[in-house]
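*Asks:* So here's query.txt, just compact mmCIF, C-alpha atoms and all ligand atoms:
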```txt
# COMPACT_ATOMS: atom_id res chain seq x y z
CA MET A 24 0.00 0.00 0.00
CA ASP A 25 3.00 2.29 -0.27
CA ALA A 26 3.07 4.86 -3.04
CA VAL A 27 5.59 7.64 -3.33
CA HIS A 28 6.02 8.69 -6.94
CA ASP A 29 6.78 12.31 -6.29
CA THR A 30 10.41 11.95 -5.27
CA ASP A 31 11.59 15.12 -7.04
CA ASN A 32 9.53 16.96 -4.43
CA ARG A 33 12.00 18.82 -2.13
CA GLN A 34 10.20 17.83 1.05
CA ALA A 35 10.11 14.18 -0.04
CA ALA A 36 13.87 14.33 -0.56
CA HIS A 37 14.34 16.07 2.80
CA TRP A 38 12.28 13.60 4.81
CA ASN A 39 13.64 10.56 2.97
CA GLY A 40 17.21 11.75 3.47
CA ARG A 41 19.18 12.81 6.52
CA ALA A 42 16.34 14.74 8.17
CA GLY A 43 14.02 11.72 8.13
CA ARG A 44 16.74 9.39 9.40
CA ALA A 45 17.69 11.85 12.17
CA TRP A 46 14.05 12.18 13.26
CA ALA A 47 13.54 8.42 13.21
CA GLU A 48 16.68 7.90 15.33
CA ALA A 49 15.66 10.59 17.83
CA GLN A 50 12.03 9.54 17.92
CA GLU A 51 11.92 8.07 21.44
CA MET A 52 13.21 11.37 22.82
CA LEU A 53 11.00 13.47 20.54
CA ASP A 54 7.94 11.48 21.55
CA ARG A 55 8.59 12.29 25.20
CA VAL A 56 9.05 15.99 24.38
CA LEU A 57 5.91 16.05 22.20
CA GLN A 58 3.78 13.86 24.49
CA PRO A 59 1.49 16.77 25.54
CA PHE A 60 0.48 17.24 21.89
CA GLU A 61 -0.26 13.53 21.50
CA ASP A 62 -2.51 13.77 24.56
CA LEU A 63 -4.38 16.76 23.09
CA LEU A 64 -5.07 14.93 19.82
CA VAL A 65 -6.14 11.69 21.51
CA GLU A 66 -8.52 13.70 23.71
CA ALA A 67 -9.92 15.47 20.63
CA VAL A 68 -10.63 12.15 18.87
CA CYS A 69 -12.36 10.79 21.99
CA ALA A 70 -14.37 13.98 22.58
CA ALA A 71 -15.59 13.94 18.98
CA SER A 72 -16.45 10.20 19.17
CA ARG A 73 -14.76 9.46 15.88
CA HIS A 74 -13.76 5.99 14.78
CA ARG A 75 -12.02 6.11 11.42
CA VAL A 76 -9.01 8.34 11.91
CA LEU A 77 -6.25 9.42 9.54
CA ASP A 78 -2.98 10.75 11.04
CA VAL A 79 -1.22 12.91 8.43
CA GLY A 80 2.57 13.17 8.42
CA CYS A 81 2.49 10.56 11.17
CA GLY A 82 6.27 10.18 11.30
CA ALA A 83 7.27 7.24 13.49
CA GLY A 84 3.64 6.77 14.45
CA ALA A 85 3.35 7.70 18.15
CA THR A 86 0.06 9.56 17.75
CA THR A 87 -1.30 6.94 15.32
CA ARG A 88 -0.60 4.16 17.81
CA ALA A 89 -1.97 6.18 20.75
CA VAL A 90 -5.24 6.89 18.90
CA ALA A 91 -5.52 3.26 17.75
CA ARG A 92 -5.00 2.09 21.35
CA ARG A 93 -7.73 4.41 22.58
CA LEU A 94 -10.18 3.38 19.84
CA GLY A 95 -9.58 -0.32 20.45
CA ALA A 96 -11.82 -2.62 18.48
CA GLN A 97 -14.31 0.24 17.99
CA GLY A 98 -12.24 1.96 15.35
CA HIS A 99 -9.14 2.22 13.27
CA CYS A 100 -6.29 4.68 12.84
CA VAL A 101 -4.14 4.92 9.71
CA GLY A 102 -0.90 6.90 9.60
CA ILE A 103 0.38 8.30 6.32
CA ASP A 104 3.87 9.67 5.81
CA ILE A 105 6.07 10.46 2.84
CA SER A 106 9.24 9.28 4.56
CA GLU A 107 10.50 5.72 4.23
CA PRO A 108 12.68 5.84 7.40
CA MET A 109 9.78 7.28 9.42
CA ILE A 110 7.25 4.71 8.19
CA ALA A 111 9.77 1.90 8.74
CA ALA A 112 10.21 3.14 12.34
CA ALA A 113 6.43 3.39 12.78
CA ARG A 114 5.88 -0.18 11.63
CA SER A 115 8.70 -1.61 13.69
CA ARG A 116 7.38 0.10 16.82
CA ALA A 117 3.78 -0.93 16.19
CA GLN A 118 4.47 -4.58 15.43
CA PRO A 119 5.84 -5.81 18.80
CA GLU A 120 3.02 -4.20 20.75
CA GLY A 121 0.42 -5.76 18.44
CA SER A 122 -0.91 -2.31 17.56
CA PRO A 123 -3.96 -2.28 15.30
CA ALA A 124 -2.66 0.96 13.71
CA SER A 125 -1.70 0.71 10.06
CA PHE A 126 0.71 2.79 8.03
CA VAL A 127 0.96 3.95 4.43
CA ARG A 128 4.04 5.46 2.89
CA ALA A 129 2.74 8.07 0.46
CA ASP A 130 2.48 11.80 -0.22
CA ALA A 131 -0.71 12.94 1.54
CA GLN A 132 -1.00 15.76 -1.00
CA THR A 133 -1.59 13.39 -3.92
CA HIS A 134 -2.36 9.95 -2.47
CA ALA A 135 -5.49 8.36 -3.93
CA PHE A 136 -7.37 7.89 -0.64
CA GLN A 137 -10.62 6.01 -0.78
CA PRO A 138 -13.19 8.85 -0.96
CA ALA A 139 -15.14 9.62 2.22
CA SER A 140 -13.25 7.01 4.23
CA PHE A 141 -12.21 8.95 7.40
CA ASP A 142 -14.42 10.72 9.93
CA MET A 143 -11.49 12.46 11.61
CA ILE A 144 -8.19 13.70 10.23
CA ILE A 145 -5.47 14.65 12.71
CA SER A 146 -1.86 15.73 12.61
CA ARG A 147 0.87 16.54 15.08
CA PHE A 148 3.19 18.88 13.19
CA GLY A 149 2.79 16.91 9.94
CA VAL A 150 0.94 19.34 7.65
CA MET A 151 3.39 22.25 7.29
CA PHE A 152 5.43 20.67 4.53
CA PHE A 153 3.10 20.46 1.53
CA GLU A 154 4.44 21.93 -1.73
CA ASP A 155 0.86 22.87 -2.64
CA PRO A 156 -1.11 23.15 0.61
CA VAL A 157 -4.47 23.91 -1.04
CA ALA A 158 -4.16 20.78 -3.21
CA ALA A 159 -3.13 18.78 -0.13
CA PHE A 160 -6.00 19.90 2.12
CA ALA A 161 -8.42 19.42 -0.81
CA ASN A 162 -7.12 15.86 -1.15
CA LEU A 163 -7.72 15.31 2.59
CA HIS A 164 -11.19 16.83 2.15
CA ARG A 165 -11.99 14.17 -0.48
CA ALA A 166 -10.84 11.47 1.95
CA ALA A 167 -13.21 12.80 4.65
CA THR A 168 -16.81 11.77 5.34
CA ASP A 169 -19.55 14.42 5.22
CA ASP A 170 -19.47 14.91 9.02
CA ALA A 171 -15.70 14.66 9.35
CA GLU A 172 -13.56 16.83 11.56
CA LEU A 173 -10.04 18.06 10.89
CA ARG A 174 -7.80 18.75 13.88
CA PHE A 175 -4.10 19.55 13.66
CA ILE A 176 -1.31 21.21 15.59
CA ALA A 177 1.21 23.50 13.89
CA TRP A 178 3.88 25.88 15.15
CA ARG A 179 3.30 29.60 15.51
CA SER A 180 6.16 31.89 14.47
CA ALA A 181 9.87 31.47 15.08
CA ALA A 182 9.79 34.73 17.09
CA GLU A 183 7.26 33.15 19.47
CA ASN A 184 9.33 29.95 19.69
CA PRO A 185 12.84 31.12 20.55
CA PHE A 186 13.81 27.70 21.97
CA THR A 187 13.45 26.07 18.55
CA THR A 188 15.88 28.50 16.88
CA THR A 189 18.37 29.04 19.73
CA ALA A 190 20.80 26.47 18.33
CA GLU A 191 21.12 27.97 14.86
CA ARG A 192 21.33 31.56 16.17
CA ALA A 193 24.13 30.65 18.58
CA ALA A 194 26.01 28.62 15.96
CA ALA A 195 25.68 31.13 13.10
CA PRO A 196 29.00 32.97 13.75
CA LEU A 197 30.88 29.64 13.68
CA LEU A 198 28.89 28.01 10.85
CA PRO A 199 27.75 30.65 8.38
CA GLY A 200 26.30 27.97 6.03
CA ILE A 201 23.22 27.23 8.16
CA PRO A 202 20.23 27.78 5.87
CA ALA A 203 17.91 30.61 6.96
CA ARG A 204 14.35 29.75 7.98
CA ARG A 205 11.81 30.72 5.35
CA PRO A 206 8.31 31.12 6.83
CA ASP A 207 6.90 31.56 3.29
CA ALA A 208 8.11 28.10 2.18
CA PRO A 209 7.14 24.59 3.32
CA GLY A 210 8.79 23.95 6.67
CA GLN A 211 8.36 24.22 10.43
CA PHE A 212 6.87 27.74 10.42
CA PHE A 213 4.92 27.63 7.14
CA LEU A 214 1.55 27.73 8.94
CA ALA A 215 2.59 30.30 11.52
CA ASP A 216 0.42 32.99 9.89
CA ARG A 217 -3.17 32.28 10.92
CA HIS A 218 -4.51 34.15 7.88
CA ARG A 219 -2.57 31.80 5.62
CA VAL A 220 -4.01 28.82 7.52
CA SER A 221 -7.59 30.01 7.15
CA SER A 222 -7.23 30.93 3.48
CA ILE A 223 -5.68 27.53 2.69
CA LEU A 224 -8.48 25.70 4.50
CA GLU A 225 -11.24 27.81 2.93
CA ALA A 226 -9.78 27.37 -0.55
CA SER A 227 -9.60 23.61 -0.07
CA GLY A 228 -13.25 23.25 0.98
CA TRP A 229 -13.08 23.17 4.79
CA ALA A 230 -15.56 25.15 6.93
CA GLU A 231 -16.12 26.15 10.58
CA ILE A 232 -12.42 26.92 10.84
CA ASP A 233 -11.17 27.50 14.36
CA ILE A 234 -7.55 28.53 14.91
CA SER A 235 -6.68 28.82 18.60
CA PRO A 236 -3.30 29.59 20.13
CA ILE A 237 -2.00 27.00 22.57
CA ASP A 238 1.11 27.45 24.71
CA VAL A 239 2.31 24.07 25.81
CA ALA A 240 4.92 23.33 28.47
CA CYS A 241 7.47 20.83 27.17
CA THR A 242 10.42 19.16 28.88
CA LEU A 243 13.36 16.97 28.07
CA PRO A 244 16.12 15.58 30.28
CA GLU A 245 19.23 17.78 30.30
CA THR A 246 21.23 14.69 29.30
CA GLU A 247 19.37 14.64 25.97
CA LEU A 248 19.88 18.32 25.14
CA VAL A 249 23.12 17.95 23.17
CA GLY A 250 21.57 15.10 21.14
CA TYR A 251 18.58 17.33 20.40
CA ILE A 252 20.84 20.20 19.31
CA THR A 253 23.21 18.16 17.20
CA ARG A 254 20.76 15.92 15.38
CA LEU A 255 17.73 18.05 14.56
CA GLY A 256 16.81 21.17 12.64
CA PRO A 257 18.98 23.18 10.25
CA LEU A 258 21.98 23.05 12.62
CA GLY A 259 21.72 19.26 12.94
CA LEU A 260 21.94 18.92 9.15
CA VAL A 261 24.93 21.28 8.72
CA LEU A 262 26.76 19.86 11.73
CA GLN A 263 26.89 16.43 10.14
CA GLU A 264 29.29 17.88 7.55
CA ALA A 265 31.48 19.84 9.99
CA ASP A 266 34.98 18.70 11.01
CA GLU A 267 35.52 17.44 14.57
CA ARG A 268 37.13 20.66 15.85
CA THR A 269 34.35 22.92 14.55
CA ARG A 270 31.76 20.47 15.78
CA ALA A 271 33.18 20.52 19.32
CA GLN A 272 33.35 24.35 19.32
CA VAL A 273 29.79 24.66 18.04
CA ILE A 274 28.42 22.22 20.60
CA GLU A 275 30.10 24.08 23.45
CA THR A 276 28.84 27.49 22.27
CA VAL A 277 25.33 26.27 21.53
CA ARG A 278 24.97 24.34 24.78
CA THR A 279 25.78 27.52 26.72
CA ALA A 280 23.11 29.40 24.76
CA PHE A 281 20.51 27.01 26.20
CA ASP A 282 21.50 27.68 29.85
CA SER A 283 18.39 29.71 30.62
CA TYR A 284 16.20 26.72 29.66
CA VAL A 285 18.02 24.30 31.97
CA HIS A 286 16.54 23.77 35.44
CA GLY A 287 18.60 21.15 37.28
CA THR A 288 18.23 17.89 35.38
CA GLU A 289 15.44 19.17 33.18
CA VAL A 290 15.19 21.41 30.12
CA ARG A 291 11.94 23.37 30.00
CA PHE A 292 10.44 25.42 27.20
CA THR A 293 7.08 26.62 26.00
CA ALA A 294 5.89 25.60 22.54
CA ALA A 295 3.75 28.32 20.95
CA CYS A 296 1.41 26.56 18.54
CA TRP A 297 -1.96 26.66 16.83
CA MET A 298 -4.64 24.09 17.51
CA VAL A 299 -6.58 24.16 14.26
CA GLY A 300 -10.02 22.67 13.85
CA ALA A 301 -12.32 22.55 10.83
CA ARG A 302 -15.25 20.59 9.51
CA MET A 303 -16.34 19.43 6.14
CA ALA A 304 -18.13 21.95 4.00
CA SER A 305 -20.64 20.07 1.87
CA ARG A 306 -19.13 18.87 -1.39
CA ASP A 307 -20.72 21.80 -3.26
CA GLY A 308 -18.88 24.22 -0.94
CA ARG A 309 -21.62 25.00 1.66
CA SER A 310 -21.48 23.95 5.33
CA PRO A 311 -23.60 20.85 5.98
C1 LIG B 1 7.87 17.27 12.07
S1 LIG B 1 7.61 15.62 11.55
C2 LIG B 1 6.25 15.13 12.59
C3 LIG B 1 6.09 13.65 12.68
C4 LIG B 1 5.00 13.14 13.62
N1 LIG B 1 3.69 13.65 13.30
C5 LIG B 1 5.36 13.42 15.05
O1 LIG B 1 4.70 14.26 15.69
O2 LIG B 1 6.29 12.79 15.58
C6 LIG B 1 6.77 15.91 9.99
C7 LIG B 1 6.39 14.66 9.23
O3 LIG B 1 5.62 15.04 8.08
C8 LIG B 1 5.98 14.16 7.01
N2 LIG B 1 5.59 14.74 5.73
C9 LIG B 1 6.11 15.85 5.13
N3 LIG B 1 5.49 16.07 3.95
C10 LIG B 1 4.56 15.08 3.80
C11 LIG B 1 3.61 14.76 2.79
N4 LIG B 1 3.49 15.51 1.69
N5 LIG B 1 2.83 13.67 2.95
C12 LIG B 1 2.95 12.89 4.07
N6 LIG B 1 3.84 13.14 5.05
C13 LIG B 1 4.63 14.23 4.93
C14 LIG B 1 7.49 13.99 7.19
O4 LIG B 1 7.99 12.88 6.52
C15 LIG B 1 7.60 13.89 8.71
O5 LIG B 1 7.52 12.56 9.14
```
Show me this structure written as structure tokens.
Ligand SMILES: C[S@@+](CC[C@H](N)C(=O)[O-])C[C@H]1O[C@@H](n2cnc3c(N)ncnc32)[C@H](O)[C@@H]1O
*Replies:*
Amino acid sequence: MDAVHDTDNRQAAHWNGRAGRAWAEAQEMLDRVLQPFEDLLVEAVCAASRHRVLDVGCGAGATTRAVARRLGAQGHCVGIDISEPMIAAARSRAQPEGSPASFVRADAQTHAFQPASFDMIISRFGVMFFEDPVAAFANLHRAATDDAELRFIAWRSAAENPFTTTAERAAAPLLPGIPARRPDAPGQFFLADRHRVSSILEASGWAEIDISPIDVACTLPETELVGYITRLGPLGLVLQEADERTRAQVIETVRTAFDSYVHGTEVRFTAACWMVGARMASRDGRSP
């Protein structure tokens, strides 16, 4: 059931290359950091009493498995992701626990979903990477039943999330090649502008759009901080190419820049995000 034809897509290349492998390797740690968001999505599925759930950009499948566990025999949760290393990690984590979750490796923007097959579509940080977001959300709209609900979490701006860019700002003088963040291009902050989010959803046929800010307390053990800094994000990618001396210098400088987030054995930060909800407009464009 895997179908990725669009491999000249930049995001497909990104998530099937080093970035996807780095995420898959760091997934246990990331899942602990992002646990509060998993809880919010599981609660949303339960509150809405939905049973056929699609998890978009599911990565290594933590939210997919958590929703499937909660639904039990009453429902089903399918995770879709464009990245081979992420889907491989998702399957290998689901299999030993006998999870009923299932996984598809495909581009959610173009995948030929069975029409009207999901009554809830969720995502934890998996919908900011579409090359053509209107086409992608329209494709998800076709996959949704007439009473379906869309619920996803995306980052607000880089300015509101200083923790997430501390590493690259601190490393910039030592590593000038770190690519700049582009909030107008697919990537972590692509849905930071709420007006962009609502116009994408309206243009792709979704209605009753609700975009609420959420500020979520996140933690990770201090012992994992250097792994977080060196493996993930733009710095993680550039650092893989740096020589040992530069690497050591960068790690020392960047680790110091995180001091204000370290409280004893714990690193604490606030994630400034949007919780976005929407419902199906009827297929002729009006709300049901
Ligand atoms: C930031 S990660 C989040 C992963 C996961 N939802 C989590 O919370 O751990 C973004 C995920 O979106 C996936 N992705 C990016 N573009 C995609 C697309 N067009 N179709 C499906 N998945 C996509 C990436 O491969 C990656 O796994």
*Asks:* Would you mind telling me which residue in A:Thr86, A:Asn162, A:Ser115, A:Gln97 lies nearest to ligand LIG 1 (chain B) when using only C-alpha atoms and all ligand atoms?
*Replies:* A:Thr86
*Asks:* Can you list every residue of chain A that has an atom at most 8 Å from ligand LIG 1 (chain B), with its nearest atom pair and the distance in Å to one decimal, using all atoms listed in the file, ordered by chain then number, as JSON lines?
*Replies:*
```
{"residue": "A:Gln34", "atom": "CA", "partner": "B:LIG1", "partner_atom": "N3", "distance": 5.8}
{"residue": "A:Ala35", "atom": "CA", "partner": "B:LIG1", "partner_atom": "N3", "distance": 6.4}
{"residue": "A:Trp38", "atom": "CA", "partner": "B:LIG1", "partner_atom": "O4", "distance": 4.7}
{"residue": "A:Asn39", "atom": "CA", "partner": "B:LIG1", "partner_atom": "O4", "distance": 7.1}
{"residue": "A:Gly43", "atom": "CA", "partner": "B:LIG1", "partner_atom": "O4", "distance": 6.3}
{"residue": "A:Trp46", "atom": "CA", "partner": "B:LIG1", "partner_atom": "S1", "distance": 7.5}
{"residue": "A:Gln50", "atom": "CA", "partner": "B:LIG1", "partner_atom": "O2", "distance": 7.0}
{"residue": "A:Leu53", "atom": "CA", "partner": "B:LIG1", "partner_atom": "O2", "distance": 6.9}
{"residue": "A:Asp54", "atom": "CA", "partner": "B:LIG1", "partner_atom": "O2", "distance": 6.3}
{"residue": "A:Leu57", "atom": "CA", "partner": "B:LIG1", "partner_atom": "O1", "distance": 6.9}
{"residue": "A:Glu61", "atom": "CA", "partner": "B:LIG1", "partner_atom": "O1", "distance": 7.7}
{"residue": "A:Asp78", "atom": "CA", "partner": "B:LIG1", "partner_atom": "N1", "distance": 7.6}
{"residue": "A:Val79", "atom": "CA", "partner": "B:LIG1", "partner_atom": "C12", "distance": 6.0}
{"residue": "A:Gly80", "atom": "CA", "partner": "B:LIG1", "partner_atom": "O3", "distance": 3.6}
{"residue": "A:Cys81", "atom": "CA", "partner": "B:LIG1", "partner_atom": "N1", "distance": 3.9}
{"residue": "A:Gly82", "atom": "CA", "partner": "B:LIG1", "partner_atom": "O5", "distance": 3.4}
{"residue": "A:Ala83", "atom": "CA", "partner": "B:LIG1", "partner_atom": "O2", "distance": 6.0}
{"residue": "A:Gly84", "atom": "CA", "partner": "B:LIG1", "partner_atom": "C4", "distance": 6.6}
{"residue": "A:Ala85", "atom": "CA", "partner": "B:LIG1", "partner_atom": "O2", "distance": 6.4}
{"residue": "A:Thr86", "atom": "CA", "partner": "B:LIG1", "partner_atom": "O1", "distance": 6.9}
{"residue": "A:Ile103", "atom": "CA", "partner": "B:LIG1", "partner_atom": "C12", "distance": 5.7}
{"residue": "A:Asp104", "atom": "CA", "partner": "B:LIG1", "partner_atom": "N6", "distance": 3.6}
{"residue": "A:Ile105", "atom": "CA", "partner": "B:LIG1", "partner_atom": "N6", "distance": 4.1}
{"residue": "A:Ser106", "atom": "CA", "partner": "B:LIG1", "partner_atom": "O4", "distance": 4.3}
{"residue": "A:Glu107", "atom": "CA", "partner": "B:LIG1", "partner_atom": "O4", "distance": 7.9}
{"residue": "A:Met109", "atom": "CA", "partner": "B:LIG1", "partner_atom": "O5", "distance": 5.8}
{"residue": "A:Ile110", "atom": "CA", "partner": "B:LIG1", "partner_atom": "O5", "distance": 7.9}
{"residue": "A:Arg128", "atom": "CA", "partner": "B:LIG1", "partner_atom": "C12", "distance": 7.6}
{"residue": "A:Ala129", "atom": "CA", "partner": "B:LIG1", "partner_atom": "C12", "distance": 6.0}
{"residue": "A:Asp130", "atom": "CA", "partner": "B:LIG1", "partner_atom": "N5", "distance": 3.7}
{"residue": "A:Ala131", "atom": "CA", "partner": "B:LIG1", "partner_atom": "N5", "distance": 3.9}
{"residue": "A:Gln132", "atom": "CA", "partner": "B:LIG1", "partner_atom": "N4", "distance": 5.2}
{"residue": "A:Thr133", "atom": "CA", "partner": "B:LIG1", "partner_atom": "N4", "distance": 7.9}
{"residue": "A:Ser146", "atom": "CA", "partner": "B:LIG1", "partner_atom": "N1", "distance": 6.0}
{"residue": "A:Arg147", "atom": "CA", "partner": "B:LIG1", "partner_atom": "N1", "distance": 4.4}
{"residue": "A:Phe148", "atom": "CA", "partner": "B:LIG1", "partner_atom": "C2", "distance": 4.9}
{"residue": "A:Gly149", "atom": "CA", "partner": "B:LIG1", "partner_atom": "O3", "distance": 3.9}
{"residue": "A:Val150", "atom": "CA", "partner": "B:LIG1", "partner_atom": "O3", "distance": 6.4}
{"residue": "A:Met151", "atom": "CA", "partner": "B:LIG1", "partner_atom": "C9", "distance": 7.3}
{"residue": "A:Phe152", "atom": "CA", "partner": "B:LIG1", "partner_atom": "N3", "distance": 4.6}
{"residue": "A:Phe153", "atom": "CA", "partner": "B:LIG1", "partner_atom": "N4", "distance": 5.0}
{"residue": "A:Glu154", "atom": "CA", "partner": "B:LIG1", "partner_atom": "N4", "distance": 7.3}
{"residue": "A:Ala159", "atom": "CA", "partner": "B:LIG1", "partner_atom": "N4", "distance": 7.6}
{"residue": "A:Gln211", "atom": "CA", "partner": "B:LIG1", "partner_atom": "C1", "distance": 7.2}
```
*Asks:* I'd like the contact shell of region 281-295 of chain A - 6 Å cut-off, all atoms listed in the file, skipping same-chain residues fewer than 5 positions apart - returned as a list in words.
*Replies:* Arg179, Asn184, Asp238, Val239, Ala240, Cys241, Thr242, Leu243, Pro244 and Glu245 of chain A
*Asks:* What's the separation between CA of Ser227 (chain A) and CA of Phe175 (chain A), in Å to one decimal place?
*Replies:* 15.3 Å
*Asks:* Rounded to one decimal in Å, what is the spacing between CA of Ile176 (chain A) and CA of Arg44 (chain A)?
*Replies:*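 Atom-to-atom, CA of Ile176 (chain A) and CA of Arg44 (chain A) are spaced 22.4 Å apart.
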*Asks:* Separation of CA of Ala171 (chain A) and CA of Met143 (chain A), in Å?
*Replies:* 5.3 Å
*Asks:* Please define a box with edges along x, y and z of the file around all atoms of region 33-51 of chain A given in the file, extend it by 3 Å on each side, and return its centre and edge lengths in Å to one decimal, as JSON.
*Replies:*
```
{"center_x": 14.6, "center_y": 13.4, "center_z": 9.7, "size_x": 15.1, "size_y": 16.9, "size_z": 29.6}
```
*Asks:* Pick out the closest residue to Val249 (chain A) from this set: A:Asp233, A:Asp266, A:Glu275, A:Asp155. Count only C-alpha atoms.
*Replies:* A:Glu275
*Asks:* Extract, using only C-alpha atoms, all DNA, RNA and protein residues at most 8 Å from Arg75 (chain A), discarding same-chain residues fewer than 5 positions from it, and format them as a list in words.
*Replies:*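 Result of the neighbour search: Gly98, His99, Cys100, Ser140, Phe141, Asp142 and Met143 of chain A.
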*Asks:* Pick out the closest residue to Gln58 (chain A) from this set: A:Glu172, A:Ala89, A:Cys296, A:Arg33. Count only C-alpha atoms.
*Replies:*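 Nearest candidate to Gln58 (chain A) out of A:Glu172, A:Ala89, A:Cys296, A:Arg33: A:Ala89.
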*Asks:* Just checking: using only C-alpha atoms, which residue out of A:Leu248, A:Ile237, A:Ala117, A:Ala226 ends up closest to Ala91 (chain A)?
*Replies:*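 Answer, going by the shortest atom-to-atom distance: A:Ala117.
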*Asks:* Would you mind telling me which residue in A:Gly200, A:Pro185, A:Pro108, A:Pro156 lies nearest to Glu264 (chain A) when using all atoms listed in the file?
*Replies:* A:Gly200
*Asks:* Go through A:Trp178, A:Trp297, A:Phe213, A:Phe60 and flag the residue nearest Pro236 (chain A), using only C-alpha atoms for the distances.
*Replies:* A:Trp297
*Asks:* How would you write as a PyMOL selection string the residues that get within 8 Å of (20.9, 29.2, 11.3) in the file's frame, counting only C-alpha atoms?
*Replies:* chain A and resi 188+190-192+194-195+199-204+257-258
*Asks:* Could you turn the residues from that selection into a file that holds C-alpha atoms, as an mmCIF file, in the frame of the given file?
*Replies:*
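Output file result_34.cif follows:
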```cif
data_model
loop_
_atom_site.group_PDB
_atom_site.id
_atom_site.type_symbol
_atom_site.label_atom_id
_atom_site.label_comp_id
_atom_site.auth_asym_id
_atom_site.auth_seq_id
_atom_site.Cartn_x
_atom_site.Cartn_y
_atom_site.Cartn_z
ATOM 1 C CA THR A 188 15.880 28.500 16.880
ATOM 2 C CA ALA A 190 20.800 26.470 18.330
ATOM 3 C CA GLU A 191 21.120 27.970 14.860
ATOM 4 C CA ARG A 192 21.330 31.560 16.170
ATOM 5 C CA ALA A 194 26.010 28.620 15.960
ATOM 6 C CA ALA A 195 25.680 31.130 13.100
ATOM 7 C CA PRO A 199 27.750 30.650 8.380
ATOM 8 C CA GLY A 200 26.300 27.970 6.030
ATOM 9 C CA ILE A 201 23.220 27.230 8.160
ATOM 10 C CA PRO A 202 20.230 27.780 5.870
ATOM 11 C CA ALA A 203 17.910 30.610 6.960
ATOM 12 C CA ARG A 204 14.350 29.750 7.980
ATOM 13 C CA PRO A 257 18.980 23.180 10.250
ATOM 14 C CA LEU A 258 21.980 23.050 12.620
#
```
*Asks:* Env of Ala301 (chain A): 8 Å cut, atoms = all atoms listed in the file, seq-sep filter 2 positions within chain, self excluded. Answer as number ranges by chain.
*Replies:* A: 172-174, 229-233, 299, 303
